[in-house]
file run_34.cif (mmCIF, C-alpha atoms)
data_model
loop_
_atom_site.group_PDB
_atom_site.id
_atom_site.type_symbol
_atom_site.label_atom_id
_atom_site.label_comp_id
_atom_site.auth_asym_id
_atom_site.auth_seq_id
_atom_site.Cartn_x
_atom_site.Cartn_y
_atom_site.Cartn_z
ATOM 1 C CA MET A 198 -38.889 -10.800 -1.249
ATOM 2 C CA ASN A 199 -39.029 -9.315 2.242
ATOM 3 C CA ASP A 200 -37.933 -5.669 2.068
ATOM 4 C CA ASN A 201 -36.666 -5.846 5.618
ATOM 5 C CA MET A 202 -34.156 -8.589 4.930
ATOM 6 C CA PRO A 203 -30.518 -7.382 5.036
ATOM 7 C CA ASP A 204 -28.761 -7.250 1.698
ATOM 8 C CA GLN A 205 -25.538 -9.249 2.156
ATOM 9 C CA THR A 206 -23.854 -7.851 -0.924
ATOM 10 C CA GLN A 207 -24.482 -4.128 -0.615
ATOM 11 C CA GLN A 208 -24.178 -3.495 3.092
ATOM 12 C CA PRO A 209 -20.461 -4.422 3.376
ATOM 13 C CA ARG A 210 -19.750 -2.104 0.453
ATOM 14 C CA VAL A 211 -21.397 0.817 2.229
ATOM 15 C CA LEU A 212 -19.603 -0.003 5.455
ATOM 16 C CA ARG A 213 -16.249 -0.486 3.766
ATOM 17 C CA LEU A 214 -16.490 2.858 2.063
ATOM 18 C CA LEU A 215 -17.491 4.648 5.235
ATOM 19 C CA GLU A 216 -14.792 2.910 7.254
ATOM 20 C CA GLU A 217 -12.140 3.902 4.750
ATOM 21 C CA ILE A 218 -13.225 7.507 4.807
ATOM 22 C CA LEU A 219 -13.848 7.866 8.501
ATOM 23 C CA SER A 220 -10.826 5.967 9.772
ATOM 24 C CA LEU A 221 -8.500 8.461 8.138
ATOM 25 C CA HIS A 222 -5.295 8.908 10.106
ATOM 26 C CA GLU A 223 -4.565 12.589 10.512
ATOM 27 C CA ALA A 224 -0.816 11.978 10.388
ATOM 28 C CA SER A 225 -1.007 10.030 7.132
ATOM 29 C CA GLY A 226 -1.120 13.313 5.238
ATOM 30 C CA ASN A 227 2.365 14.099 6.485
ATOM 31 C CA CYS A 228 3.935 11.170 4.675
ATOM 32 C CA ASP A 229 3.313 10.468 1.002
ATOM 33 C CA CYS A 230 4.276 7.343 -0.968
ATOM 34 C CA GLU A 231 7.652 8.740 -1.952
ATOM 35 C CA THR A 232 8.610 9.577 1.609
ATOM 36 C CA CYS A 233 7.310 6.238 2.813
ATOM 37 C CA THR A 234 9.310 4.346 0.196
ATOM 38 C CA GLN A 235 12.479 6.176 1.232
ATOM 39 C CA GLN A 236 11.990 4.906 4.777
ATOM 40 C CA LEU A 237 10.840 1.343 4.031
ATOM 41 C CA ASP A 238 14.251 -0.331 4.196
ATOM 42 C CA CYS A 239 15.060 1.362 7.481
ATOM 43 C CA LEU A 240 11.641 0.562 8.914
ATOM 44 C CA ALA A 241 11.829 -3.076 7.822
ATOM 45 C CA GLU A 242 15.166 -3.514 9.606
ATOM 46 C CA LEU A 243 13.755 -1.919 12.725
ATOM 47 C CA VAL A 244 10.746 -4.207 12.715
ATOM 48 C CA THR A 245 12.788 -7.347 12.099
ATOM 49 C CA SER A 246 15.042 -6.261 14.979
ATOM 50 C CA GLY A 247 12.030 -6.156 17.294
ATOM 51 C CA HIS A 248 11.449 -2.408 17.423
ATOM 52 C CA ASN A 249 8.037 -0.794 17.408
ATOM 53 C CA ALA A 250 7.553 0.967 14.093
ATOM 54 C CA LYS A 251 4.629 3.018 15.325
ATOM 55 C CA GLU A 252 6.740 4.576 18.069
ATOM 56 C CA LEU A 253 9.777 5.334 15.940
ATOM 57 C CA LEU A 254 8.232 6.261 12.611
ATOM 58 C CA PRO A 255 4.570 7.045 13.321
ATOM 59 C CA ALA A 256 3.973 8.984 10.101
ATOM 60 C CA VAL A 257 5.287 6.112 7.995
ATOM 61 C CA GLN A 258 3.219 3.574 9.921
ATOM 62 C CA ASP A 259 0.107 5.728 9.455
ATOM 63 C CA HIS A 260 0.824 5.909 5.752
ATOM 64 C CA LEU A 261 1.171 2.130 5.577
ATOM 65 C CA ASP A 262 -2.190 1.773 7.303
ATOM 66 C CA CYS A 263 -3.806 3.900 4.579
ATOM 67 C CA CYS A 264 -1.858 2.886 1.457
ATOM 68 C CA GLN A 265 -2.335 -0.630 0.139
ATOM 69 C CA ASP A 266 0.486 -0.394 -2.427
ATOM 70 C CA CYS A 267 3.137 0.667 0.083
ATOM 71 C CA ARG A 268 1.838 -1.863 2.602
ATOM 72 C CA GLU A 269 2.126 -4.715 0.097
ATOM 73 C CA GLU A 270 5.719 -3.748 -0.703
ATOM 74 C CA PHE A 271 6.620 -3.359 2.959
ATOM 75 C CA GLU A 272 5.215 -6.768 3.833
ATOM 76 C CA ALA A 273 7.110 -8.359 0.952
ATOM 77 C CA LEU A 274 10.343 -6.741 2.118
ATOM 78 C CA LEU A 275 9.725 -7.911 5.682
ATOM 79 C CA CYS A 276 9.047 -11.433 4.450
ATOM 80 C CA ILE A 277 12.381 -11.583 2.622
ATOM 81 C CA LEU A 278 14.379 -10.054 5.486
ATOM 82 C CA ARG A 279 12.891 -12.508 7.948
ATOM 83 C CA ALA A 280 13.679 -15.398 5.622
ATOM 84 C CA GLU A 281 17.265 -14.168 5.307
ATOM 85 C CA GLN A 282 17.533 -13.808 9.069
ATOM 86 C CA SER A 283 16.308 -17.334 9.628
ATOM 87 C CA GLY A 284 18.456 -18.742 6.852
ATOM 88 C CA SER A 285 15.440 -19.779 4.779
ATOM 89 C CA CYS A 286 16.687 -18.073 1.640
ATOM 90 C CA MET B 167 3.949 19.815 4.297
ATOM 91 C CA TYR B 168 5.613 16.544 3.377
ATOM 92 C CA LEU B 169 8.449 15.155 5.429
ATOM 93 C CA THR B 170 11.811 14.840 3.773
ATOM 94 C CA ASN B 171 13.574 12.947 6.519
ATOM 95 C CA LEU B 172 12.482 11.049 9.568
ATOM 96 C CA ALA B 173 15.210 10.952 12.179
ATOM 97 C CA LEU B 174 15.574 7.911 14.394
ATOM 98 C CA PRO B 175 16.829 7.905 17.955
ATOM 99 C CA ASP B 176 20.463 6.767 18.170
ATOM 100 C CA ASN B 177 19.651 3.609 20.089
ATOM 101 C CA ALA B 178 17.101 2.557 17.482
ATOM 102 C CA HIS B 179 19.396 2.624 14.497
ATOM 103 C CA PRO B 180 19.445 -0.803 12.947
ATOM 104 C CA LYS B 181 22.902 -0.639 11.402
ATOM 105 C CA GLY B 182 24.983 -3.606 12.392
ATOM 106 C CA ALA B 183 21.985 -5.626 13.473
ATOM 107 C CA PHE B 184 22.741 -8.280 10.875
ATOM 108 C CA MET B 185 25.774 -10.187 9.703
ATOM 109 C CA ALA B 186 26.663 -9.100 6.188
ATOM 110 C CA GLU B 187 29.213 -10.442 3.730
ATOM 111 C CA ARG B 188 30.183 -6.941 2.703
ATOM 112 C CA SER B 189 29.817 -3.656 4.524
ATOM 113 C CA ASN B 190 27.828 -0.893 2.857
ATOM 114 C CA ALA B 191 31.079 0.852 1.943
ATOM 115 C CA GLN B 192 32.451 -2.338 0.398
ATOM 116 C CA TRP B 193 29.351 -2.844 -1.709
ATOM 117 C CA LEU B 194 29.524 0.695 -3.020
ATOM 118 C CA GLN B 195 33.236 0.495 -3.618
ATOM 119 C CA GLU B 196 33.107 -2.817 -5.431
ATOM 120 C CA LEU B 197 30.031 -2.012 -7.509
ATOM 121 C CA THR B 198 31.839 1.031 -8.861
ATOM 122 C CA ALA B 199 35.268 -0.598 -9.147
ATOM 123 C CA GLU B 200 37.086 -1.819 -12.248
ATOM 124 C CA SER B 201 35.996 -4.832 -14.308
ATOM 125 C CA GLU B 202 36.472 -8.110 -12.403
ATOM 126 C CA VAL B 203 35.771 -6.817 -8.904
ATOM 127 C CA ARG B 204 32.688 -5.065 -10.189
ATOM 128 C CA ASP B 205 31.487 -8.091 -12.135
ATOM 129 C CA ALA B 206 31.786 -10.311 -9.057
ATOM 130 C CA ALA B 207 29.897 -7.827 -6.881
ATOM 131 C CA ILE B 208 27.141 -7.487 -9.475
ATOM 132 C CA GLN B 209 26.833 -11.252 -9.728
ATOM 133 C CA ASP B 210 26.618 -11.612 -5.935
ATOM 134 C CA LEU B 211 23.999 -8.890 -5.729
ATOM 135 C CA ARG B 212 21.901 -10.359 -8.511
ATOM 136 C CA GLN B 213 21.984 -13.820 -6.928
ATOM 137 C CA ARG B 214 21.043 -12.448 -3.539
ATOM 138 C CA LEU B 215 18.095 -10.518 -4.988
ATOM 139 C CA GLN B 216 17.026 -13.568 -6.971
ATOM 140 C CA ARG B 217 16.963 -15.735 -3.823
ATOM 141 C CA GLY B 218 14.870 -13.209 -1.932
ATOM 142 C CA ILE B 219 12.402 -12.639 -4.735
ATOM 143 C CA TYR B 220 12.089 -16.350 -5.413
ATOM 144 C CA TYR B 221 11.310 -16.949 -1.752
ATOM 145 C CA TYR B 222 8.641 -14.249 -1.790
ATOM 146 C CA LEU B 223 7.040 -15.437 -5.031
ATOM 147 C CA SER B 224 7.011 -19.091 -4.056
ATOM 148 C CA ARG B 225 5.966 -18.727 -0.402
ATOM 149 C CA GLU B 226 3.823 -15.619 -0.173
ATOM 150 C CA ARG B 227 2.043 -15.234 -3.506
ATOM 151 C CA SER B 228 -0.982 -17.478 -3.511
ATOM 152 C CA ASP B 229 -1.935 -16.010 -6.901
ATOM 153 C CA LEU B 230 1.133 -17.757 -8.374
ATOM 154 C CA SER B 231 0.412 -21.143 -6.843
ATOM 155 C CA GLY B 232 -0.756 -22.505 -10.191
ATOM 156 C CA LEU B 233 2.623 -21.866 -11.823
ATOM 157 C CA ALA B 234 5.297 -24.510 -12.225
ATOM 158 C CA ALA B 235 8.459 -24.069 -10.125
ATOM 159 C CA GLU B 236 10.515 -23.373 -13.253
ATOM 160 C CA GLU B 237 8.198 -20.529 -14.202
ATOM 161 C CA ILE B 238 8.622 -18.923 -10.786
ATOM 162 C CA VAL B 239 12.400 -19.339 -11.037
ATOM 163 C CA LYS B 240 12.283 -17.618 -14.426
ATOM 164 C CA MET B 241 10.184 -14.768 -13.028
ATOM 165 C CA ALA B 242 12.562 -14.330 -10.102
ATOM 166 C CA ASP B 243 15.543 -14.334 -12.482
ATOM 167 C CA ASP B 244 13.977 -11.654 -14.651
ATOM 168 C CA PHE B 245 12.959 -9.463 -11.712
ATOM 169 C CA ALA B 246 16.409 -9.814 -10.129
ATOM 170 C CA GLN B 247 18.062 -8.858 -13.397
ATOM 171 C CA ASP B 248 15.892 -5.747 -13.790
ATOM 172 C CA ALA B 249 16.342 -4.845 -10.135
ATOM 173 C CA THR B 250 20.117 -5.165 -10.323
ATOM 174 C CA LEU B 251 20.201 -2.783 -13.268
ATOM 175 C CA ARG B 252 17.991 -0.352 -11.381
ATOM 176 C CA VAL B 253 20.158 -0.550 -8.277
ATOM 177 C CA LEU B 254 23.287 0.137 -10.327
ATOM 178 C CA ALA B 255 21.626 3.103 -11.998
ATOM 179 C CA ASN B 256 20.572 4.547 -8.641
ATOM 180 C CA LEU B 257 23.566 3.952 -6.388
ATOM 181 C CA ASP B 258 23.744 7.694 -5.731
ATOM 182 C CA SER B 259 20.355 7.624 -4.049
ATOM 183 C CA PHE B 260 21.414 5.075 -1.394
ATOM 184 C CA ARG B 261 21.520 7.152 1.794
ATOM 185 C CA GLY B 262 22.977 4.559 4.125
ATOM 186 C CA ASP B 263 19.935 4.441 6.416
ATOM 187 C CA SER B 264 19.893 0.643 6.212
ATOM 188 C CA ARG B 265 22.129 -2.154 5.039
ATOM 189 C CA PHE B 266 22.878 -1.819 1.363
ATOM 190 C CA THR B 267 21.369 -5.228 0.664
ATOM 191 C CA THR B 268 18.119 -4.257 2.395
ATOM 192 C CA TRP B 269 17.911 -1.148 0.251
ATOM 193 C CA ALA B 270 18.612 -3.216 -2.878
ATOM 194 C CA THR B 271 15.954 -5.736 -1.834
ATOM 195 C CA LYS B 272 13.484 -2.882 -1.453
ATOM 196 C CA VAL B 273 14.231 -1.896 -5.045
ATOM 197 C CA ALA B 274 13.792 -5.497 -6.177
ATOM 198 C CA VAL B 275 10.478 -5.840 -4.343
ATOM 199 C CA ARG B 276 9.212 -2.711 -6.070
ATOM 200 C CA VAL B 277 10.299 -3.997 -9.472
ATOM 201 C CA ALA B 278 8.676 -7.402 -8.947
ATOM 202 C CA ILE B 279 5.406 -6.205 -7.462
ATOM 203 C CA SER B 280 4.991 -3.409 -9.997
ATOM 204 C CA GLU B 281 5.462 -5.830 -12.855
ATOM 205 C CA MET B 282 2.980 -8.310 -11.383
ATOM 206 C CA ARG B 283 0.428 -5.549 -10.809
ATOM 207 C CA ARG B 284 0.712 -4.447 -14.420
ATOM 208 C CA ALA B 285 0.309 -8.028 -15.642
ATOM 209 C CA ARG B 286 -2.663 -8.757 -13.397
ATOM 210 C CA TYR B 287 -4.530 -5.580 -14.331
ATOM 211 C CA ARG B 288 -3.525 -5.554 -17.977
ATOM 212 C CA ASP B 289 -7.178 -5.483 -19.078
ATOM 213 C CA PHE B 290 -8.448 -3.201 -16.339
ATOM 214 C CA SER B 291 -10.307 -0.107 -17.498
ATOM 215 C CA LEU B 292 -11.062 2.690 -15.072
ATOM 216 C CA ASP B 293 -13.609 4.156 -17.499
ATOM 217 C CA GLU B 294 -15.443 0.845 -17.614
ATOM 218 C CA LEU B 295 -15.442 0.595 -13.836
ATOM 219 C CA MET B 296 -16.904 4.071 -13.553
ATOM 220 C CA ASP B 297 -19.547 3.307 -16.181
ATOM 221 C CA ASN B 298 -20.656 0.228 -14.258
ATOM 222 C CA GLY B 299 -20.057 1.351 -10.716
ATOM 223 C CA ASP B 300 -21.965 3.574 -8.383
ATOM 224 C CA LEU B 301 -19.857 4.917 -5.588
ATOM 225 C CA LYS B 302 -22.714 6.357 -3.612
ATOM 226 C CA PRO B 303 -24.158 4.173 -0.866
ATOM 227 C CA ASP B 304 -27.554 2.763 -1.787
ATOM 228 C CA VAL B 305 -30.089 4.368 0.541
ATOM 229 C CA GLY B 306 -32.788 1.766 -0.073
ATOM 230 C CA THR B 307 -30.470 -1.150 0.590
ATOM 231 C CA ALA B 308 -29.079 0.327 3.769
ATOM 232 C CA ILE B 309 -32.545 1.080 5.080
ATOM 233 C CA SER B 310 -33.797 -2.385 4.239
ATOM 234 C CA SER B 311 -30.980 -3.892 6.323
ATOM 235 C CA THR B 312 -32.330 -2.235 9.451
ATOM 236 C CA PRO B 313 -34.051 -4.664 11.838
ATOM 237 C CA ILE B 314 -37.817 -4.382 11.531
ATOM 238 C CA ASP B 315 -38.223 -3.634 15.255
ATOM 239 C CA ARG B 316 -36.071 -0.484 15.036
ATOM 240 C CA PRO B 317 -37.903 1.932 12.723
ATOM 241 C CA GLU B 318 -36.252 4.968 14.367
ATOM 242 C CA SER B 319 -32.873 3.603 13.323
ATOM 243 C CA ALA B 320 -34.115 3.274 9.736
ATOM 244 C CA MET B 321 -35.072 6.939 9.715
ATOM 245 C CA GLU B 322 -31.685 7.936 11.086
ATOM 246 C CA LYS B 323 -29.947 5.843 8.459
ATOM 247 C CA GLN B 324 -32.021 7.349 5.697
ATOM 248 C CA ASP B 325 -31.181 10.840 6.873
ATOM 249 C CA ALA B 326 -27.474 10.044 7.224
ATOM 250 C CA LEU B 327 -27.241 8.348 3.836
ATOM 251 C CA GLN B 328 -28.915 11.246 2.098
ATOM 252 C CA LYS B 329 -26.277 13.526 3.580
ATOM 253 C CA ILE B 330 -23.518 11.095 2.610
ATOM 254 C CA ASN B 331 -24.800 10.936 -0.969
ATOM 255 C CA GLN B 332 -24.971 14.699 -1.046
ATOM 256 C CA ALA B 333 -21.369 14.815 0.166
ATOM 257 C CA PHE B 334 -20.177 12.568 -2.665
ATOM 258 C CA GLU B 335 -21.917 14.765 -5.216
ATOM 259 C CA GLU B 336 -20.926 18.142 -3.822
ATOM 260 C CA VAL B 337 -17.464 17.539 -2.424
ATOM 261 C CA LEU B 338 -15.681 15.119 -4.740
ATOM 262 C CA THR B 339 -14.291 15.736 -8.193
ATOM 263 C CA THR B 340 -14.780 13.136 -10.932
ATOM 264 C CA ARG B 341 -11.168 12.028 -10.493
ATOM 265 C CA GLN B 342 -11.598 11.638 -6.755
ATOM 266 C CA ARG B 343 -14.749 9.568 -7.256
ATOM 267 C CA ALA B 344 -12.945 7.362 -9.779
ATOM 268 C CA ALA B 345 -9.968 6.931 -7.466
ATOM 269 C CA LEU B 346 -12.114 6.014 -4.457
ATOM 270 C CA GLU B 347 -14.201 3.584 -6.487
ATOM 271 C CA ALA B 348 -11.162 1.794 -7.913
ATOM 272 C CA VAL B 349 -8.717 1.874 -5.014
ATOM 273 C CA VAL B 350 -10.879 1.871 -1.904
ATOM 274 C CA LEU B 351 -13.826 -0.224 -3.038
ATOM 275 C CA ASN B 352 -12.288 -2.505 -5.642
ATOM 276 C CA GLY B 353 -8.746 -2.836 -4.328
ATOM 277 C CA VAL B 354 -7.109 -1.922 -7.626
ATOM 278 C CA PRO B 355 -3.446 -0.999 -6.994
ATOM 279 C CA MET B 356 -2.815 2.737 -6.909
ATOM 280 C CA GLU B 357 -0.018 2.271 -9.402
ATOM 281 C CA VAL B 358 -2.488 0.916 -11.965
ATOM 282 C CA VAL B 359 -5.109 3.588 -11.300
ATOM 283 C CA ALA B 360 -2.520 6.358 -11.379
ATOM 284 C CA GLU B 361 -1.366 5.251 -14.804
ATOM 285 C CA GLN B 362 -4.917 5.371 -16.164
ATOM 286 C CA LEU B 363 -5.515 8.774 -14.626
ATOM 287 C CA GLY B 364 -2.323 10.053 -16.224
ATOM 288 C CA THR B 365 -0.668 10.779 -12.890
ATOM 289 C CA ASN B 366 1.716 9.046 -10.504
ATOM 290 C CA ARG B 367 1.169 7.046 -7.339
ATOM 291 C CA ASN B 368 2.315 9.845 -5.070
ATOM 292 C CA ALA B 369 -0.126 12.334 -6.565
ATOM 293 C CA LEU B 370 -2.931 9.768 -6.458
ATOM 294 C CA TYR B 371 -2.319 9.119 -2.773
ATOM 295 C CA LYS B 372 -2.656 12.844 -2.112
ATOM 296 C CA LEU B 373 -5.806 12.981 -4.257
ATOM 297 C CA ILE B 374 -7.434 10.184 -2.239
ATOM 298 C CA HIS B 375 -6.237 11.602 1.045
ATOM 299 C CA ASP B 376 -7.750 14.984 0.176
ATOM 300 C CA ALA B 377 -11.000 13.288 -0.862
ATOM 301 C CA ARG B 378 -11.236 11.436 2.446
ATOM 302 C CA GLN B 379 -10.487 14.591 4.363
ATOM 303 C CA LYS B 380 -13.055 16.668 2.451
ATOM 304 C CA LEU B 381 -15.779 14.053 2.919
ATOM 305 C CA ARG B 382 -15.025 13.723 6.593
ATOM 306 C CA THR B 383 -15.068 17.489 7.163
ATOM 307 C CA TYR B 384 -18.288 17.866 5.193
ATOM 308 C CA LEU B 385 -20.016 15.137 7.194
ATOM 309 C CA GLU B 386 -18.801 16.541 10.503
ATOM 310 C CA ASN B 387 -20.182 19.937 9.518
ATOM 311 C CA GLN B 388 -23.499 18.183 8.880
ATOM 312 C CA GLY B 389 -23.420 16.854 12.441
ATOM 313 C CA LEU B 390 -22.330 13.355 11.434
ATOM 314 C CA SER B 391 -19.282 12.405 13.476
ATOM 315 C CA PRO B 392 -17.292 9.294 12.480
ATOM 316 C CA ASP B 393 -18.342 7.454 15.660
ATOM 317 C CA TYR B 394 -22.012 8.280 15.113
ATOM 318 C CA ILE B 395 -21.954 7.053 11.516
ATOM 319 C CA MET B 396 -20.134 3.831 12.296
ATOM 320 C CA ASN B 397 -22.442 3.031 15.194
ATOM 321 C CA LEU B 398 -25.424 3.681 12.978
ATOM 322 C CA PHE B 399 -24.329 1.367 10.187
ATOM 323 C CA GLU B 400 -22.594 -1.392 12.061
ATOM 324 C CA PRO B 401 -24.604 -4.618 11.776
#
call {"tool": "encode", "arguments": {"input": "run_34.cif", "output": "structure tokens"}}
result
Amino acid sequence: MNDNMPDQTQQPRVLRLLEEILSLHEASGNCDCETCTQQLDCLAELVTSGHNAKELLPAVQDHLDCCQDCREEFEALLCILRAEQSGSC
Amino acid sequence: MYLTNLALPDNAHPKGAFMAERSNAQWLQELTAESEVRDAAIQDLRQRLQRGIYYYLSRERSDLSGLAAEEIVKMADDFAQDATLRVLANLDSFRGDSRFTTWATKVAVRVAISEMRRARYRDFSLDELMDNGDLKPDVGTAISSTPIDRPESAMEKQDALQKINQAFEEVLTTRQRAALEAVVLNGVPMEVVAEQLGTNRNALYKLIHDARQKLRTYLENQGLSPDYIMNLFEP
């Protein structure tokens, strides 16, 4: 095996880890999961009304960018609100 | 310092942006009223939550695509039932920042997703992951991915990765290493990892946030800025 050939399985892992660490949003430390969850319903209504979440609730948006659990719940809530708005459910 | 309230500008408040069958005040009044009025409100709420959850499960969850429609209906029924009970038990915590039904849907989403996470990761073991995993970047692999005509880049990578490995060893606690391995690299839900670490999701988020911050500060003190590192390792 050629030692200079890129390893397709390991390299993304290294990059992913570094990206996660280095792309840290400074403001995300100001909003924890509990605070984010308190704001999710409000934020979801804002977004479905066409407002920019990042401008109105930047700390919450930063948290969502860093927290996969909160992001999954937010996206699910958005999905349901949009379906209700459009009469799909 | 953690925020307790995030104020919105007056013109951004979403109240009234949707048509609702009941106002927030009506929901609260009827859900705490006497027998028949209360029963009807509870039934309406449960049905509304069921419709929303069913839509989400059937349209957005590709991991459930192998289930029969009746099974998804049953799941949505169960989640809506649990969520309705949780909403009723927590009416005092509704602050009126959104429509009542949006708040209740948020509760239902949490109930449904939490339950599905627990089911999906029922056999997950953090100890096993840590026994098999190696969080530290592999120096040899990263070097070998450097194009053969750029030996100076290989040297830089080797130097940077040695410092990164040193950072993982010196800066992180065992719990922080476990959390990063599971959540960041393997995508295990924080809720699941928190349970195995004997903590809660909020505390785990802070633990990971602190770990990221410590690693970043350490690397910057070693002369490795985020931009430099990413440029170095980008394919």
call {"tool": "closest_residue", "arguments": {"input": "run_34.cif", "among": "B:Arg212, B:Lys323, B:Arg378, B:Arg341", "to": "Tyr394 of chain B", "atoms": "all atoms listed in the file"}}
result
B:Lys323
call {"tool": "atom_distance", "arguments": {"input": "run_34.cif", "atom1": "atom CA of Arg265 of chain B", "atom2": "atom CA of Arg279 of chain A"}}
result
14.2 Å
call {"tool": "closest_residue", "arguments": {"input": "run_34.cif", "among": "A:Leu254, A:Asn227, A:Arg213, A:Asp266", "to": "Val359 of chain B", "atoms": "all atoms listed in the file"}}
result
A:Asp266
call {"tool": "resolve_selection", "arguments": {"input": "run_34.cif", "expression": "the PyMOL selection byres ((chain A and resi 256) around 8)", "output": "PDB file with C-alpha atoms, keeping the file's coordinate frame"}}
result
ATOM      1  CA  ALA A 224      -0.816  11.978  10.388  1.00  0.00           C
ATOM      2  CA  SER A 225      -1.007  10.030   7.132  1.00  0.00           C
ATOM      3  CA  ASN A 227       2.365  14.099   6.485  1.00  0.00           C
ATOM      4  CA  CYS A 228       3.935  11.170   4.675  1.00  0.00           C
ATOM      5  CA  LYS A 251       4.629   3.018  15.325  1.00  0.00           C
ATOM      6  CA  LEU A 254       8.232   6.261  12.611  1.00  0.00           C
ATOM      7  CA  PRO A 255       4.570   7.045  13.321  1.00  0.00           C
ATOM      8  CA  VAL A 257       5.287   6.112   7.995  1.00  0.00           C
ATOM      9  CA  GLN A 258       3.219   3.574   9.921  1.00  0.00           C
ATOM     10  CA  ASP A 259       0.107   5.728   9.455  1.00  0.00           C
ATOM     11  CA  HIS A 260       0.824   5.909   5.752  1.00  0.00           C
TER      12      HIS A 260
END
call {"tool": "residues_around", "arguments": {"input": "run_34.cif", "residues": "Ile277 of chain A", "least_positions_apart": "4", "cutoff": "8 Å", "atoms": "all atoms listed in the file", "output": "MDAnalysis selection string"}}
result
(chainID A and resid 273 281 286) or (chainID B and resid 218:219 221:222)
call {"tool": "residues_around", "arguments": {"input": "run_34.cif", "residues": "segment 268-272 of chain A", "least_positions_apart": "4", "cutoff": "10 Å", "atoms": "all atoms listed in the file", "output": "ChimeraX atom specification"}}
result
/A:233-234,237-238,240-241,258,260-264,276-278 /B:222,226,272-280,355
call {"tool": "resolve_selection", "arguments": {"input": "run_34.cif", "expression": "the PyMOL selection byres ((chain B and resi 358) around 9)", "output": "PyMOL selection string"}}
result
chain B and resi 280+283-284+287-288+290+354-357+359-363+367
call {"tool": "write_last_selection", "arguments": {"input": "run_34.cif", "atoms": "C-alpha atoms", "output": "mmCIF file, in the frame of the given file"}}
result
data_model
loop_
_atom_site.group_PDB
_atom_site.id
_atom_site.type_symbol
_atom_site.label_atom_id
_atom_site.label_comp_id
_atom_site.auth_asym_id
_atom_site.auth_seq_id
_atom_site.Cartn_x
_atom_site.Cartn_y
_atom_site.Cartn_z
ATOM 1 C CA SER B 280 4.991 -3.409 -9.997
ATOM 2 C CA ARG B 283 0.428 -5.549 -10.809
ATOM 3 C CA ARG B 284 0.712 -4.447 -14.420
ATOM 4 C CA TYR B 287 -4.530 -5.580 -14.331
ATOM 5 C CA ARG B 288 -3.525 -5.554 -17.977
ATOM 6 C CA PHE B 290 -8.448 -3.201 -16.339
ATOM 7 C CA VAL B 354 -7.109 -1.922 -7.626
ATOM 8 C CA PRO B 355 -3.446 -0.999 -6.994
ATOM 9 C CA MET B 356 -2.815 2.737 -6.909
ATOM 10 C CA GLU B 357 -0.018 2.271 -9.402
ATOM 11 C CA VAL B 359 -5.109 3.588 -11.300
ATOM 12 C CA ALA B 360 -2.520 6.358 -11.379
ATOM 13 C CA GLU B 361 -1.366 5.251 -14.804
ATOM 14 C CA GLN B 362 -4.917 5.371 -16.164
ATOM 15 C CA LEU B 363 -5.515 8.774 -14.626
ATOM 16 C CA ARG B 367 1.169 7.046 -7.339
#
call {"tool": "atom_distance", "arguments": {"input": "run_34.cif", "atom1": "atom CA of Gln328 of chain B", "atom2": "atom CA of Thr383 of chain B"}}
result
16.0 Å
call {"tool": "atom_distance", "arguments": {"input": "run_34.cif", "atom1": "atom CA of Cys267 of chain A", "atom2": "atom CA of Glu231 of chain A"}}
result
9.5 Å
